[in-house]
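K.L.:
start30.cif is the file, holding mmCIF, C-alpha atoms:
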```
data_coords
#
loop_
_atom_site.label_atom_id
_atom_site.label_comp_id
_atom_site.auth_asym_id
_atom_site.auth_seq_id
_atom_site.Cartn_x
_atom_site.Cartn_y
_atom_site.Cartn_z
CA MET A 1 -13.68 -4.59 3.51
CA SER A 2 -14.00 -1.05 2.19
CA MET A 3 -13.31 2.00 4.27
CA LYS A 4 -15.83 3.67 6.57
CA VAL A 5 -15.52 6.95 8.41
CA GLY A 6 -17.49 8.71 11.10
CA SER A 7 -16.67 12.02 12.74
CA ARG A 8 -17.41 13.51 16.15
CA GLN A 9 -16.45 16.61 18.10
CA VAL A 10 -14.46 16.53 21.32
CA ASP A 11 -13.53 19.87 22.92
CA GLY A 12 -13.37 21.65 19.58
CA VAL A 13 -11.39 18.90 17.92
CA THR A 14 -12.84 16.71 15.17
CA ILE A 15 -12.12 13.03 15.64
CA VAL A 16 -12.48 11.05 12.42
CA ASP A 17 -12.91 7.36 13.21
CA CYS A 18 -11.69 5.36 10.22
CA SER A 19 -12.12 1.63 9.71
CA GLY A 20 -11.26 -0.81 6.97
CA ARG A 21 -8.71 -0.27 4.22
CA ILE A 22 -7.19 2.94 2.92
CA THR A 23 -6.15 1.87 -0.55
CA LEU A 24 -6.21 3.11 -4.12
CA GLY A 25 -9.78 3.81 -5.16
CA GLU A 26 -12.68 4.11 -2.77
CA GLY A 27 -10.73 4.16 0.51
CA SER A 28 -8.45 6.99 -0.54
CA VAL A 29 -11.34 8.98 -2.04
CA ILE A 30 -13.44 8.69 1.12
CA LEU A 31 -10.59 9.96 3.28
CA ARG A 32 -9.85 12.83 0.89
CA ASP A 33 -13.50 13.91 0.69
CA THR A 34 -13.93 13.69 4.46
CA VAL A 35 -10.95 15.90 5.24
CA ARG A 36 -11.84 18.44 2.54
CA ASP A 37 -15.42 18.58 3.78
CA LEU A 38 -14.28 19.22 7.35
CA LEU A 39 -11.89 21.97 6.26
CA SER A 40 -14.55 23.63 4.12
CA LYS A 41 -16.79 23.80 7.21
CA GLY A 42 -14.05 25.41 9.26
CA HIS A 43 -13.05 22.34 11.25
CA LYS A 44 -9.30 22.69 11.25
CA LYS A 45 -8.29 20.63 14.28
CA ILE A 46 -8.47 17.09 12.99
CA VAL A 47 -7.50 13.74 14.47
CA LEU A 48 -7.59 10.67 12.25
CA ASN A 49 -8.31 7.69 14.48
CA LEU A 50 -6.77 4.74 12.62
CA ALA A 51 -7.32 2.12 15.32
CA ASP A 52 -9.53 0.05 13.03
CA VAL A 53 -7.58 0.56 9.81
CA ASN A 54 -6.17 -2.86 9.10
CA TYR A 55 -4.54 -2.19 5.74
CA ILE A 56 -3.05 0.72 3.88
CA ASP A 57 -1.14 0.80 0.59
CA SER A 58 1.14 3.42 -0.98
CA SER A 59 -1.89 5.31 -2.29
CA GLY A 60 -3.35 5.37 1.20
CA ILE A 61 -0.05 6.60 2.59
CA GLY A 62 -0.11 9.32 -0.05
CA GLU A 63 -3.63 10.23 1.00
CA LEU A 64 -2.55 10.60 4.63
CA VAL A 65 0.24 12.92 3.48
CA SER A 66 -2.22 14.86 1.36
CA ALA A 67 -4.63 15.21 4.29
CA TYR A 68 -1.77 16.45 6.46
CA THR A 69 -0.48 19.04 3.99
CA THR A 70 -3.94 20.21 2.91
CA THR A 71 -4.92 20.80 6.52
CA LYS A 72 -1.65 22.54 7.30
CA ASN A 73 -1.91 24.75 4.21
CA GLN A 74 -5.30 25.94 5.40
CA GLY A 75 -3.96 26.91 8.79
CA GLY A 76 -5.12 23.77 10.51
CA GLU A 77 -3.49 20.80 12.17
CA LEU A 78 -3.93 17.07 11.65
CA LYS A 79 -2.77 14.33 14.00
CA LEU A 80 -2.92 10.55 13.82
CA LEU A 81 -4.32 8.41 16.61
CA LYS A 82 -3.90 4.73 17.56
CA LEU A 83 -1.96 3.23 14.70
CA THR A 84 -2.15 -0.51 14.18
CA LYS A 85 1.18 -2.31 14.00
CA LYS A 86 0.96 -2.59 10.21
CA VAL A 87 0.31 1.12 9.70
CA ASN A 88 2.91 2.03 12.31
CA ASP A 89 5.52 -0.12 10.54
CA LEU A 90 4.71 1.49 7.20
CA LEU A 91 5.09 4.99 8.59
CA GLN A 92 8.39 3.96 10.16
CA ILE A 93 9.94 2.55 6.98
CA THR A 94 8.73 5.49 4.88
CA LYS A 95 10.09 7.91 7.53
CA LEU A 96 6.68 9.54 7.78
CA TYR A 97 6.62 8.85 11.48
CA THR A 98 8.90 11.86 11.74
CA VAL A 99 6.36 14.01 9.90
CA PHE A 100 3.09 13.09 11.60
CA ASP A 101 2.20 13.82 15.19
CA VAL A 102 1.09 10.36 16.32
CA LYS A 103 -0.77 9.81 19.58
CA ASP A 104 -1.71 6.62 21.40
CA ASP A 105 -4.75 7.87 23.29
CA GLU A 106 -7.55 10.23 22.40
CA ALA A 107 -7.28 12.51 25.43
CA SER A 108 -3.62 13.23 24.67
CA ALA A 109 -4.44 13.88 21.03
CA VAL A 110 -7.17 16.39 21.90
CA LYS A 111 -5.07 18.05 24.57
CA ALA A 112 -2.15 18.43 22.16
CA PHE A 113 -4.11 21.05 20.18
CA ASN A 114 -4.27 23.42 23.13
CA MET B 1 -6.03 -22.33 -6.43
CA ALA B 2 -3.33 -24.93 -5.83
CA MET B 3 0.34 -24.37 -6.44
CA THR B 4 1.03 -28.08 -6.94
CA GLU B 5 1.69 -27.36 -10.58
CA GLN B 6 4.48 -25.02 -9.37
CA ARG B 7 3.46 -22.21 -11.74
CA VAL B 8 0.21 -20.39 -12.31
CA SER B 9 -0.46 -17.44 -14.57
CA TYR B 10 -3.37 -15.02 -14.97
CA THR B 11 -4.14 -12.57 -17.76
CA MET B 12 -6.10 -9.68 -16.31
CA ASP B 13 -7.78 -6.43 -17.34
CA SER B 14 -6.31 -3.02 -16.57
CA SER B 15 -8.75 -2.21 -13.79
CA LEU B 16 -8.97 -1.50 -10.10
CA GLU B 17 -10.54 -4.94 -9.66
CA THR B 18 -7.35 -6.49 -11.01
CA ILE B 19 -5.33 -4.81 -8.26
CA ASP B 20 -7.54 -6.23 -5.52
CA SER B 21 -7.62 -9.61 -7.22
CA ALA B 22 -3.82 -9.74 -7.58
CA GLU B 23 -3.45 -8.97 -3.89
CA GLU B 24 -5.96 -11.67 -2.94
CA LYS B 25 -4.21 -14.25 -5.12
CA ALA B 26 -0.85 -13.36 -3.59
CA THR B 27 -2.26 -13.68 -0.07
CA ALA B 28 -3.76 -17.08 -0.82
CA ILE B 29 -0.64 -18.47 -2.46
CA ALA B 30 1.79 -17.10 0.12
CA THR B 31 -0.37 -18.54 2.90
CA GLU B 32 -0.55 -21.90 1.13
CA LEU B 33 3.23 -21.95 0.80
CA GLY B 34 3.66 -21.58 4.54
CA PHE B 35 4.94 -18.02 4.85
CA ASP B 36 4.22 -16.47 8.24
CA ASP B 37 1.63 -13.71 8.71
CA ASP B 38 4.10 -10.86 8.38
CA GLU B 39 5.61 -12.33 5.22
CA VAL B 40 2.18 -12.93 3.72
CA MET B 41 1.36 -9.27 4.32
CA GLN B 42 4.66 -8.20 2.77
CA ILE B 43 4.18 -10.38 -0.31
CA SER B 44 0.56 -9.33 -0.82
CA MET B 45 1.43 -5.67 -0.44
CA ALA B 46 4.36 -5.93 -2.85
CA VAL B 47 2.11 -7.61 -5.41
CA ARG B 48 -0.56 -4.96 -4.88
CA GLU B 49 1.99 -2.20 -5.49
CA GLY B 50 3.26 -4.00 -8.58
CA ALA B 51 -0.28 -4.36 -9.88
CA VAL B 52 -0.97 -0.68 -9.22
CA ASN B 53 2.08 0.25 -11.28
CA ALA B 54 1.04 -2.07 -14.10
CA VAL B 55 -2.59 -0.94 -14.24
CA LEU B 56 -2.07 2.79 -13.65
CA HIS B 57 1.38 3.74 -14.81
CA GLY B 58 1.95 0.97 -17.34
CA ASN B 59 -1.35 0.31 -19.07
CA ALA B 60 -3.02 3.55 -17.91
CA TYR B 61 -6.35 1.70 -17.44
CA SER B 62 -6.45 0.93 -21.18
CA PRO B 63 -9.14 -1.67 -21.95
CA ASP B 64 -6.98 -2.91 -24.81
CA LYS B 65 -4.02 -3.74 -22.62
CA LYS B 66 -3.61 -6.66 -20.26
CA VAL B 67 -1.66 -7.39 -17.10
CA VAL B 68 -0.09 -10.83 -16.81
CA LEU B 69 0.49 -12.03 -13.26
CA ALA B 70 2.41 -15.25 -12.62
CA PHE B 71 3.42 -17.10 -9.46
CA GLU B 72 6.16 -19.71 -9.58
CA ARG B 73 7.40 -21.88 -6.74
CA THR B 74 11.02 -22.89 -7.25
CA ALA B 75 13.13 -24.96 -4.86
CA GLU B 76 14.08 -21.93 -2.82
CA ASN B 77 11.88 -19.05 -3.89
CA LEU B 78 8.44 -17.74 -4.60
CA VAL B 79 8.89 -15.86 -7.86
CA ILE B 80 6.15 -13.45 -8.88
CA THR B 81 6.12 -11.78 -12.28
CA ILE B 82 3.88 -8.88 -13.26
CA ARG B 83 3.98 -7.76 -16.87
CA ASP B 84 2.15 -4.83 -18.46
CA GLN B 85 1.84 -3.55 -22.03
CA GLY B 86 2.69 0.08 -21.39
CA LYS B 87 5.50 2.26 -22.68
CA GLY B 88 7.97 1.21 -20.04
CA MET B 89 9.43 3.43 -17.36
CA ASP B 90 12.59 5.44 -16.90
CA LEU B 91 14.11 3.96 -13.76
CA SER B 92 16.55 6.86 -13.44
CA ARG B 93 13.61 9.21 -12.86
CA ILE B 94 12.24 7.42 -9.82
CA PRO B 95 12.93 9.69 -6.85
CA ASN B 96 14.07 8.48 -3.44
CA PRO B 97 10.94 8.75 -1.28
CA LEU B 98 13.06 9.00 1.86
CA ALA B 99 14.86 12.14 0.74
CA PRO B 100 13.74 15.12 2.86
CA GLU B 101 12.48 16.98 -0.20
CA ASN B 102 10.28 14.01 -1.16
CA LEU B 103 8.85 13.04 2.22
CA LEU B 104 5.66 15.04 1.71
CA LYS B 105 5.02 13.85 -1.83
CA THR B 106 1.74 12.02 -2.22
CA SER B 107 3.08 9.34 -4.56
CA GLY B 108 6.30 7.54 -5.48
CA ARG B 109 6.52 4.98 -2.66
CA GLY B 110 5.37 1.83 -4.47
CA ILE B 111 8.73 0.56 -5.72
CA PHE B 112 10.35 1.50 -2.42
CA LEU B 113 7.81 -0.61 -0.53
CA MET B 114 8.31 -3.55 -2.89
CA ARG B 115 12.06 -3.37 -2.30
CA SER B 116 11.49 -3.15 1.44
CA PHE B 117 9.30 -6.24 1.53
CA MET B 118 10.84 -8.62 -1.03
CA ASP B 119 14.28 -10.23 -1.19
CA VAL B 120 14.77 -9.36 -4.85
CA VAL B 121 13.01 -6.81 -7.05
CA GLU B 122 13.91 -6.66 -10.73
CA ILE B 123 12.34 -4.15 -13.09
CA ARG B 124 12.84 -4.58 -16.83
CA PRO B 125 11.25 -1.75 -18.79
CA SER B 126 10.96 -1.91 -22.57
CA GLU B 127 8.98 -0.16 -25.30
CA SER B 128 6.44 -2.99 -25.24
CA GLY B 129 5.91 -2.91 -21.51
CA THR B 130 7.50 -3.43 -18.14
CA GLU B 131 8.27 -6.75 -16.51
CA LEU B 132 8.50 -6.75 -12.75
CA LYS B 133 9.95 -9.72 -10.91
CA LEU B 134 9.43 -10.07 -7.16
CA ILE B 135 11.26 -12.84 -5.29
CA LYS B 136 10.74 -13.99 -1.72
CA ARG B 137 12.92 -16.74 -0.34
CA VAL B 138 11.07 -19.71 1.09
CA HIS B 139 12.36 -20.97 4.41
CA GLY B 140 11.29 -23.58 6.93
CA THR B 141 9.85 -26.94 6.10
CA THR B 142 6.23 -26.27 5.34
CA ALA B 143 6.46 -24.43 2.07
CA GLY B 144 4.49 -26.20 -0.60
CA GLY B 145 4.06 -29.10 1.78
CA LYS B 146 7.62 -30.17 1.01
CA GLU B 147 10.95 -29.93 2.72
CA ALA B 148 12.71 -26.72 1.77
CA SER B 149 16.17 -27.02 0.24
CA GLN B 150 19.07 -26.78 2.66
#
```
Could I get this file's structure written as structure tokens?
P.N.:
Amino acid sequence: MSMKVGSRQVDGVTIVDCSGRITLGEGSVILRDTVRDLLSKGHKKIVLNLADVNYIDSSGIGELVSAYTTTKNQGGELKLLKLTKKVNDLLQITKLYTVFDVKDDEASAVKAFN
Amino acid sequence: MAMTEQRVSYTMDSSLETIDSAEEKATAIATELGFDDDEVMQISMAVREGAVNAVLHGNAYSPDKKVVLAFERTAENLVITIRDQGKGMDLSRIPNPLAPENLLKTSGRGIFLMRSFMDVVEIRPSESGTELKLIKRVHGTTAGGKEASQ
């Protein structure tokens, strides 16, 4: 299953609902294009909802890092929401859990920007 | 694809499709051998990362170069070999992705993940290509439909 994204606004924060796989190729490109598009339109408070992301590889991990640093470099902030166990485990063993601000529920994620 | 013959081998193109296909084959074989869900995920991800290295960094998507993927069931192990026809790699130049200065790099985690998920990872680079060997120990009694060695 390839990756799909949809975005919505909640109290000035853009929630990007991701589903499928973030892997080398299409999945990584879709995520990259989505974040760059949001930033170019001035949306700099971004939450990536990964609740329905069932698989991610090292390229996908790299893309999450890229999204995080790109957003930060443009004066924005990017948080992760609702990690599946697989994605959570990957962020733990790569020590990226210490880098990302990870939230378990949407209200907390939105509130954390204010 | 049955593993009753104990060893299967595939010669594949240097393409993104090969990476997905290698992962799917690994998932099917690991499942067939009786590994649990977590182990199947680990094996399939390690194979995917190995295939990424072979296709991208080894063969650089060259249509003239092939990737050879082999699965072998021994008495105690699942042994997976991935061979490319690239220029080899300098293992001393692979950075530690857990070092603070590397945490925010967007690449360089593939070999680390393979080592995290497999019992043994051997990388043999040469001028004619790199051979990667991934080994996962088989345990329990269901692997291959036979009793595992004690």
K.L.:
Give one line per residue of chain A that approaches chain B to at most 6 Å, naming the two atoms of the closest pair and their distance in Å to one decimal, counting all atoms listed in the file; sort by chain then ascending residue number and deliver it as a Markdown table.
P.N.:
```
| residue | atom | partner | partner_atom | distance |
| --- | --- | --- | --- | --- |
| A:Ser58 | CA | B:Gly110 | CA | 5.7 |
| A:Gly62 | CA | B:Thr106 | CA | 3.9 |
| A:Val65 | CA | B:Thr106 | CA | 6.0 |
```
K.L.:
Which neighbours of region 89-104 of chain A fall inside 6 Å, counting all atoms listed in the file, when residues of the same chain fewer than 5 positions from it are skipped, and could you give them as a VMD selection string?
P.N.:
chain A and resid 79 to 82 109
K.L.:
Which residue is closest to Asn49 (chain A)? Choose from A:Ala67, A:Val29, A:Ile15, A:Ile61 and count all atoms listed in the file.
P.N.:
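Distance minimum relative to Asn49 (chain A) lands on A:Ile15.
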K.L.:
Quick one: pull the distance between CA of Glu63 (chain A) and CA of Val16 (chain A), Å, one decimal.
P.N.:
14.5 Å
K.L.:
Which one is closest to Gln74 (chain A): A:Cys18, A:Val35, A:Leu48, A:Ile30? Count only C-alpha atoms.
P.N.:
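Closest to Gln74 (chain A) of all the choices is A:Val35.
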K.L.:
Contacts of Arg124 (chain B) at 10 Å or less, counting all atoms listed in the file, minus same-chain residues fewer than 3 places along, as a ChimeraX atom specification?
P.N.:
/B:83,88-89,91,129-133
K.L.:
So the first atom is CA of Lys86 (chain A) and the second is CA of Lys136 (chain B); what is the distance between them in Å, to one decimal place?
P.N.:
19.2 Å
K.L.:
For the atom pair CA of Asp105 (chain A) and CA of Lys45 (chain A), what is the interatomic distance in Å to one decimal place?
P.N.:
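CA of Asp105 (chain A) sits 16.0 Å away from CA of Lys45 (chain A).
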K.L.:
Nearest residue to Val121 (chain B) out of B:Asp84, B:Tyr61, B:Gly50, B:Ala75, using only C-alpha atoms?
P.N.:
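Closest residue, counting only C-alpha atoms: B:Gly50.
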K.L.:
Could you pull the residues within 8 Å of Ile56 (chain A), counting all atoms listed in the file, minus those fewer than 6 positions along the same chain, as a compact mmCIF listing (two decimals) with C-alpha atoms, in the coordinates of the input?
P.N.:
```
# COMPACT_ATOMS: atom_id res chain seq x y z
CA ARG A 21 -8.71 -0.27 4.22
CA ILE A 22 -7.19 2.94 2.92
CA THR A 23 -6.15 1.87 -0.55
CA VAL A 87 0.31 1.12 9.70
```
K.L.:
Apply the PyMOL selection byres ((chain A and resi 113) around 9) to the file shown and report the selected residues as a list in words.
P.N.:
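Applied to this file, the PyMOL selection byres ((chain A and resi 113) around 9) returns Val13, Lys45, Glu77, Ala109, Val110, Lys111, Ala112 and Asn114 of chain A.
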K.L.:
Using all atoms listed in the file, pick whichever of A:Arg32, A:Lys41, A:Lys4, A:Lys85 has the shortest atom-to-atom distance to Ser66 (chain A).
P.N.:
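That would be A:Arg32, the residue with the smallest distance to Ser66 (chain A).
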K.L.:
Just the residues within 9 Å of Met12 (chain B), please, counting all atoms listed in the file, with nothing from its chain fewer than 2 positions along; format it as a list of chain:residue names.
P.N.:
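After dropping sequence-adjacent residues, the list is B:Tyr10, B:Ser14, B:Ser15, B:Thr18, B:Lys65, B:Lys66, B:Val67, B:Val68, B:Leu69.
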K.L.:
Any chance you could work out the axis-aligned box around region 11-26 of chain A, listed atoms only, 3 Å on each side, giving centre and edge lengths in Å to one decimal, as AutoDock Vina command-line options?
P.N.:
```
--center_x -9.8 --center_y 10.4 --center_z 8.9 --size_x 13.4 --size_y 28.5 --size_z 34.1
```
K.L.:
Could you list as a list in words every residue that has an atom within 10 Å of (-12.4, 24.6, 12.4), using the file's coordinates and counting only C-alpha atoms?
P.N.:
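Those within range, by chain then number, are Gly12, Val13, Thr14, Leu38, Leu39, Ser40, Lys41, Gly42, His43, Lys44, Lys45, Ile46, Gly75, Gly76 and Glu77 of chain A.
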K.L.:
Just say which residues the PyMOL selection byres ((chain A and resi 52) around 8) picks in this file, as a list of chain:residue names.
P.N.:
A:Cys18, A:Ser19, A:Gly20, A:Asn49, A:Leu50, A:Ala51, A:Val53, A:Asn54, A:Thr84
K.L.:
May I have the selected residues written with C-alpha atoms, as a PDB file, keeping the file's coordinate frame?
P.N.:
```
ATOM      1  CA  CYS A  18     -11.690   5.360  10.220  1.00  0.00           C
ATOM      2  CA  SER A  19     -12.120   1.630   9.710  1.00  0.00           C
ATOM      3  CA  GLY A  20     -11.260  -0.810   6.970  1.00  0.00           C
ATOM      4  CA  ASN A  49      -8.310   7.690  14.480  1.00  0.00           C
ATOM      5  CA  LEU A  50      -6.770   4.740  12.620  1.00  0.00           C
ATOM      6  CA  ALA A  51      -7.320   2.120  15.320  1.00  0.00           C
ATOM      7  CA  VAL A  53      -7.580   0.560   9.810  1.00  0.00           C
ATOM      8  CA  ASN A  54      -6.170  -2.860   9.100  1.00  0.00           C
ATOM      9  CA  THR A  84      -2.150  -0.510  14.180  1.00  0.00           C
TER      10      THR A  84
END
```
K.L.:
Could you check the closest approach to Val47 (chain A) for each of A:Leu31, A:Ala107, A:Leu78, A:Val5 and tell me which residue wins, using only C-alpha atoms?
P.N.:
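Going through A:Leu31, A:Ala107, A:Leu78, A:Val5 one by one, the smallest distance to Val47 (chain A) is for A:Leu78.
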K.L.:
Could you list, as a ChimeraX atom specification, every residue matched by the PyMOL selection byres ((chain B and resi 43) around 12) in this structure?
P.N.:
/B:22-31,33,35-42,44-50,71,78-80,113-121,134-138
K.L.:
Can you take the partial region 32-49 of chain A, add N, CA and C atoms, and return it as a JSON list (two decimals), keeping the file's coordinate frame?
P.N.:
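Output below, filename rebuild.json:
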```
[["chain", "number", "residue", "atom", "x", "y", "z"],
["A", 32, "ARG", "N", -10.07, 11.51, 1.49],
["A", 32, "ARG", "CA", -9.85, 12.83, 0.89],
["A", 32, "ARG", "C", -11.10, 13.70, 1.01],
["A", 33, "ASP", "N", -12.25, 13.14, 0.65],
["A", 33, "ASP", "CA", -13.50, 13.91, 0.69],
["A", 33, "ASP", "C", -13.85, 14.31, 2.12],
["A", 34, "THR", "N", -13.60, 13.41, 3.06],
["A", 34, "THR", "CA", -13.93, 13.69, 4.46],
["A", 34, "THR", "C", -13.12, 14.87, 4.99],
["A", 35, "VAL", "N", -11.82, 14.83, 4.74],
["A", 35, "VAL", "CA", -10.95, 15.90, 5.24],
["A", 35, "VAL", "C", -11.29, 17.23, 4.55],
["A", 36, "ARG", "N", -11.50, 17.19, 3.26],
["A", 36, "ARG", "CA", -11.84, 18.44, 2.54],
["A", 36, "ARG", "C", -13.16, 19.01, 3.02],
["A", 37, "ASP", "N", -14.11, 18.14, 3.30],
["A", 37, "ASP", "CA", -15.42, 18.58, 3.78],
["A", 37, "ASP", "C", -15.28, 19.25, 5.15],
["A", 38, "LEU", "N", -14.49, 18.65, 6.02],
["A", 38, "LEU", "CA", -14.28, 19.22, 7.35],
["A", 38, "LEU", "C", -13.63, 20.60, 7.24],
["A", 39, "LEU", "N", -12.60, 20.69, 6.40],
["A", 39, "LEU", "CA", -11.89, 21.97, 6.26],
["A", 39, "LEU", "C", -12.81, 23.04, 5.69],
["A", 40, "SER", "N", -13.64, 22.65, 4.73],
["A", 40, "SER", "CA", -14.55, 23.63, 4.12],
["A", 40, "SER", "C", -15.57, 24.16, 5.12],
["A", 41, "LYS", "N", -15.83, 23.37, 6.17],
["A", 41, "LYS", "CA", -16.79, 23.80, 7.21],
["A", 41, "LYS", "C", -16.08, 24.48, 8.38],
["A", 42, "GLY", "N", -14.78, 24.69, 8.22],
["A", 42, "GLY", "CA", -14.05, 25.41, 9.26],
["A", 42, "GLY", "C", -13.49, 24.54, 10.37],
["A", 43, "HIS", "N", -13.62, 23.24, 10.23],
["A", 43, "HIS", "CA", -13.05, 22.34, 11.25],
["A", 43, "HIS", "C", -11.59, 22.09, 10.91],
["A", 44, "LYS", "N", -10.71, 22.75, 11.63],
["A", 44, "LYS", "CA", -9.30, 22.69, 11.25],
["A", 44, "LYS", "C", -8.42, 21.99, 12.28],
["A", 45, "LYS", "N", -9.03, 21.47, 13.33],
["A", 45, "LYS", "CA", -8.29, 20.63, 14.28],
["A", 45, "LYS", "C", -8.80, 19.21, 14.08],
["A", 46, "ILE", "N", -8.00, 18.41, 13.43],
["A", 46, "ILE", "CA", -8.47, 17.09, 12.99],
["A", 46, "ILE", "C", -7.57, 15.98, 13.54],
["A", 47, "VAL", "N", -8.22, 14.95, 14.05],
["A", 47, "VAL", "CA", -7.50, 13.74, 14.47],
["A", 47, "VAL", "C", -8.05, 12.56, 13.67],
["A", 48, "LEU", "N", -7.17, 11.88, 12.97],
["A", 48, "LEU", "CA", -7.59, 10.67, 12.25],
["A", 48, "LEU", "C", -7.34, 9.47, 13.16],
["A", 49, "ASN", "N", -8.43, 8.87, 13.63],
["A", 49, "ASN", "CA", -8.31, 7.69, 14.48],
["A", 49, "ASN", "C", -8.21, 6.45, 13.57]]
```
